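Enquirer: Let me begin by handing over the structure; questions about it come next.
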Amino acid sequence: MTACPDRIAQMDALFLGDLSEQEAEALRAHVAGCEGCRAYHDRLWKVEAALERRAMPARAAASLEARLLAHVAQAPQVAPAPPAPPAKPAATWLERLRALWAEQPWLRVGAPLAAAAALAVLVVALPDRPGTDPNAGLFRPRGNGSAPAFGVRAYCIGSAATVTGEARPGERLTCPEGSSIQLSVTAPEPAKLTAVATTQAGESHDLARDLPVGPGIDAPLPFSTPSRKAWLGGPTRLTVRFESAAGKVLAEHELTLLP
Amino acid sequence: VALLRGFREGDPAALSEVFRTHVEVLTRVLRARAHQGGAFAHVRSAMEIENVVFETFARAFEPRTRATYDGVRPYGYYLLGIARNVVLEQLRRRDQPSGLDLEEMAGPELADSQGEQLHEDRELEGLLEEFRRGLDEAEARLYELRFVEGLPQEDASARLGLSRIQLRRRERALKQRLLEHLHARGYLRDLQPEGWGFVRVRGES
């Protein structure tokens, strides 16, 4: 197994302490998804640790500490639970999305790099948060609890892991390069979701294709899509379609994305 | 008491202090456990280690968790309990058989894994020692102060009569030579990740 030639120099630079934190994060995002580079990075990490006679290299520990403190600062500061708590309203999905986004360091750094490496779109896996039932909380109805229709919202997540914009069907969402687009969907029944971005020139890019979605309200999709000029260079129509298992179109929504 | 108060209030300085106090020990335990097999067996690569350490502290620093820590129990053990849960949940998410009792370590696996680790450690130690023997007197002194005695750059530069910038440059040059040495010895070639990221040199048994 061989590391990517163009990344070896970067990993060597990381070992030498020549990379900025931003460059190091981008490199880590690549390493996370590349076996050859991971093996190479792993070896240098262990050399560094052995050299310093530590279990974790000081550089890695400092980086981890910075990321951890940023994570703590961004996470919702929930007050300690009282002994017999009254029924609390469910966190809004926006709050959950913010927390979820903030809790996934690899996702945040991985998003821009994944897009640079890949062609146009997609996609950074957002693993389930450890210890969290993926169905818990995300599917609590809001409002009066009446049966929801199929729906979608698009959010722009800025580089600081904050939600910078939101749009519903028929609306416009501005999401500049370096940000990521996150969809949340409402579905009264299981369905397949397809999201296609179509540029003014008629060029189409799939953000999702036949993605199974379960019943739920405002449930974030398990990935985000980095905003890149390659596919979002101007006003772009985003079409989100829900289909049954048999292929029957259950609902279709459109909104406009802007860079 | 002040540290505990700051910790419970989420004061970044207090959180930093707690992190710095415990990250090394937690990492050491994780690395040792990884080579004992069992549920921790996948936590061998640098990224897996960092991931588990991050998630462990992230949970430990959640407001509710901070508030419930009584300040009496040894915090290192408290962290290890969280780390154990993190690892088990990772196993479940990846559909790996976990053998959920972490204390149950298979004998042959334990022996093999520790043997691999020992081999890897000895190989690296040998390479570092070989590199060290090839240094001139000034380089060897710098190596000694920074990497054997573990002095901070500030102290090492004072001992060597250098400015910190001079020391940094010389240290960088030293590490550059070490890299070349490792490349020349093939230590960074033909690597194979194993499991979720464990590295083994091709051809090793």
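Ordered as shown in the structure tokens, chains take letters A, B, and onward, while each chain numbers its residues from 1 and ligands are numbered from 1 in the order shown.
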Chain B near chain A within 8 Å: what's each residue's closest atom pair and its distance in Å to one decimal, counting only C-alpha atoms, ordered by chain then ascending residue number, as CSV?
Expert:
residue,atom,partner,partner_atom,distance
B:Pro12,CA,A:Leu69,CA,6.7
B:Leu15,CA,A:Leu69,CA,7.7
B:Ser16,CA,A:Glu65,CA,7.0
B:Phe19,CA,A:Glu65,CA,7.1
B:Val23,CA,A:Ala61,CA,7.5
B:Glu24,CA,A:Ala55,CA,6.0
B:Val25,CA,A:Ala55,CA,7.8
B:Thr27,CA,A:Ala55,CA,5.8
B:Arg28,CA,A:Ala55,CA,5.1
B:Arg31,CA,A:Ala55,CA,7.6
B:Ser45,CA,A:Asp42,CA,5.8
B:Ala46,CA,A:Asp42,CA,5.2
B:Met47,CA,A:Ala32,CA,7.2
B:Glu50,CA,A:Leu64,CA,7.5
B:Phe54,CA,A:Leu68,CA,6.7
B:Phe57,CA,A:Leu68,CA,7.5
B:Ala58,CA,A:Leu68,CA,6.5
B:Phe61,CA,A:Val72,CA,7.1
B:Glu62,CA,A:Val72,CA,7.3
B:Pro63,CA,A:Val78,CA,6.1
B:Arg64,CA,A:Pro80,CA,5.0
B:Ala67,CA,A:Pro80,CA,6.4
B:Val86,CA,A:Pro130,CA,6.5
B:Glu89,CA,A:Pro130,CA,5.8
B:Gln90,CA,A:Pro130,CA,6.7
B:Leu124,CA,A:Val47,CA,7.2
B:Glu125,CA,A:Ala50,CA,7.8
B:Leu128,CA,A:Leu51,CA,7.8
B:Arg146,CA,A:Glu52,CA,7.8
B:Phe147,CA,A:Glu52,CA,5.2
B:Val148,CA,A:Glu52,CA,7.5
B:Gly150,CA,A:Glu52,CA,6.8
B:Arg172,CA,A:Leu16,CA,6.0
B:Lys175,CA,A:Leu16,CA,6.3
B:Gln176,CA,A:Leu16,CA,6.9
B:Leu179,CA,A:Asp12,CA,7.6
B:Leu188,CA,A:Tyr40,CA,6.3
B:Arg189,CA,A:Thr2,CA,7.1
B:Asp190,CA,A:Met1,CA,5.3
B:Leu191,CA,A:Met1,CA,5.3
B:Gln192,CA,A:Met1,CA,5.3
B:Pro193,CA,A:Ala39,CA,5.5
B:Gly197,CA,A:Ala39,CA,7.0
B:Phe198,CA,A:Ala39,CA,7.4
B:Val199,CA,A:Ala39,CA,5.6
Enquirer: For C-alpha atoms, I'd like the residues from the last selection saved as a PDB file, in the first residue's frame.
Expert:
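Ended up saving to again09.pdb:
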ATOM      1  CA  PRO B  12     -11.707  26.829  28.922  1.00  0.00           C
ATOM      2  CA  LEU B  15     -10.860  22.254  30.656  1.00  0.00           C
ATOM      3  CA  SER B  16      -7.421  22.693  29.093  1.00  0.00           C
ATOM      4  CA  PHE B  19      -7.165  17.692  29.177  1.00  0.00           C
ATOM      5  CA  VAL B  23      -4.543  13.011  27.651  1.00  0.00           C
ATOM      6  CA  GLU B  24      -1.176  11.323  27.851  1.00  0.00           C
ATOM      7  CA  VAL B  25      -2.251   8.669  30.333  1.00  0.00           C
ATOM      8  CA  THR B  27      -3.601   7.590  25.217  1.00  0.00           C
ATOM      9  CA  ARG B  28      -1.033   5.340  26.827  1.00  0.00           C
ATOM     10  CA  ARG B  31      -2.427   2.044  23.002  1.00  0.00           C
ATOM     11  CA  SER B  45      -3.872   3.655  14.218  1.00  0.00           C
ATOM     12  CA  ALA B  46      -3.127   7.251  15.097  1.00  0.00           C
ATOM     13  CA  MET B  47      -6.443   8.390  13.719  1.00  0.00           C
ATOM     14  CA  GLU B  50      -7.165  10.493  18.294  1.00  0.00           C
ATOM     15  CA  PHE B  54     -11.482  13.262  21.233  1.00  0.00           C
ATOM     16  CA  PHE B  57     -13.097  14.103  26.298  1.00  0.00           C
ATOM     17  CA  ALA B  58     -15.994  15.547  24.323  1.00  0.00           C
ATOM     18  CA  PHE B  61     -16.766  17.835  28.941  1.00  0.00           C
ATOM     19  CA  GLU B  62     -20.481  17.899  28.175  1.00  0.00           C
ATOM     20  CA  PRO B  63     -22.266  20.155  30.666  1.00  0.00           C
ATOM     21  CA  ARG B  64     -24.251  17.389  32.307  1.00  0.00           C
ATOM     22  CA  ALA B  67     -21.857  18.692  36.577  1.00  0.00           C
ATOM     23  CA  VAL B  86     -16.952   4.985  23.191  1.00  0.00           C
ATOM     24  CA  GLU B  89     -20.291   1.882  20.597  1.00  0.00           C
ATOM     25  CA  GLN B  90     -17.839   2.138  17.724  1.00  0.00           C
ATOM     26  CA  LEU B 124      11.547   1.858  15.553  1.00  0.00           C
ATOM     27  CA  GLU B 125      13.787   2.050  18.590  1.00  0.00           C
ATOM     28  CA  LEU B 128      16.173   5.913  16.162  1.00  0.00           C
ATOM     29  CA  ARG B 146      15.048  17.781  23.328  1.00  0.00           C
ATOM     30  CA  PHE B 147      14.207  14.144  22.857  1.00  0.00           C
ATOM     31  CA  VAL B 148      15.904  12.252  25.640  1.00  0.00           C
ATOM     32  CA  GLY B 150      12.486  16.185  26.969  1.00  0.00           C
ATOM     33  CA  ARG B 172      13.826  20.994  12.022  1.00  0.00           C
ATOM     34  CA  LYS B 175      13.995  15.897  11.967  1.00  0.00           C
ATOM     35  CA  GLN B 176      14.470  16.304   8.236  1.00  0.00           C
ATOM     36  CA  LEU B 179      12.909  11.488   7.840  1.00  0.00           C
ATOM     37  CA  LEU B 188       7.922   4.349   5.378  1.00  0.00           C
ATOM     38  CA  ARG B 189       7.486   2.100   2.357  1.00  0.00           C
ATOM     39  CA  ASP B 190       4.999  -0.628   1.493  1.00  0.00           C
ATOM     40  CA  LEU B 191       2.795  -0.089   4.483  1.00  0.00           C
ATOM     41  CA  GLN B 192      -0.420  -1.957   4.902  1.00  0.00           C
ATOM     42  CA  PRO B 193      -3.255  -0.869   7.114  1.00  0.00           C
ATOM     43  CA  GLY B 197      -6.114   1.183  10.308  1.00  0.00           C
ATOM     44  CA  PHE B 198      -3.407  -0.911  11.883  1.00  0.00           C
ATOM     45  CA  VAL B 199      -0.172  -0.706  10.004  1.00  0.00           C
TER      46      VAL B 199
END
Enquirer: Between CA of Val152 (chain A) and CA of Ala167 (chain A), what is the spacing in Å?
Expert: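 We find that CA of Ala167 (chain A) and CA of Val152 (chain A) lie 8.9 Å from each other.
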Enquirer: What separation in Å, quoted to one decimal, exists between CA of Pro190 (chain A) and CA of His205 (chain A)?
Expert: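 CA of His205 (chain A) lies at a distance of 23.9 Å from CA of Pro190 (chain A).
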Enquirer: Would you mind reading off the distance between CA of Ala14 (chain B) and CA of Thr65 (chain B), one decimal, in Å?
Expert: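 Separation of CA of Ala14 (chain B) and CA of Thr65 (chain B): 14.8 Å.
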Enquirer: Excluding Val72 (chain B) and its own-chain neighbours fewer than 6 positions away, which residues fall within 12 Å of it when counting only C-alpha atoms? Please give them as a PyMOL selection string.
Expert: chain B and resi 1+4+78
Enquirer: Using only C-alpha atoms, which of the listed residues (A:Ala154, A:Ile181, A:Leu173, A:Val240) sits closest to Asp218 (chain A)?
Expert: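 With only C-alpha atoms as the atom set, the closest residue is A:Ala154.
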Enquirer: Considering only C-alpha atoms, state which residue in the set B:Tyr187, B:Phe7, B:Ala13, B:Glu171 is at the smallest distance from Ala140 (chain B).
Expert: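 Of B:Tyr187, B:Phe7, B:Ala13, B:Glu171, the one nearest Ala140 (chain B) is B:Glu171, counting only C-alpha atoms.
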Enquirer: Run DSSP on the backbone and tell me which residues of region 4-194 of chain B come out as helix (DSSP H, G or I); list them as a PyMOL selection string.
Expert: chain B and resi 4-9+12-34+38-42+46-60+63-68+75-93+107-133+137-148+153-160+164-184
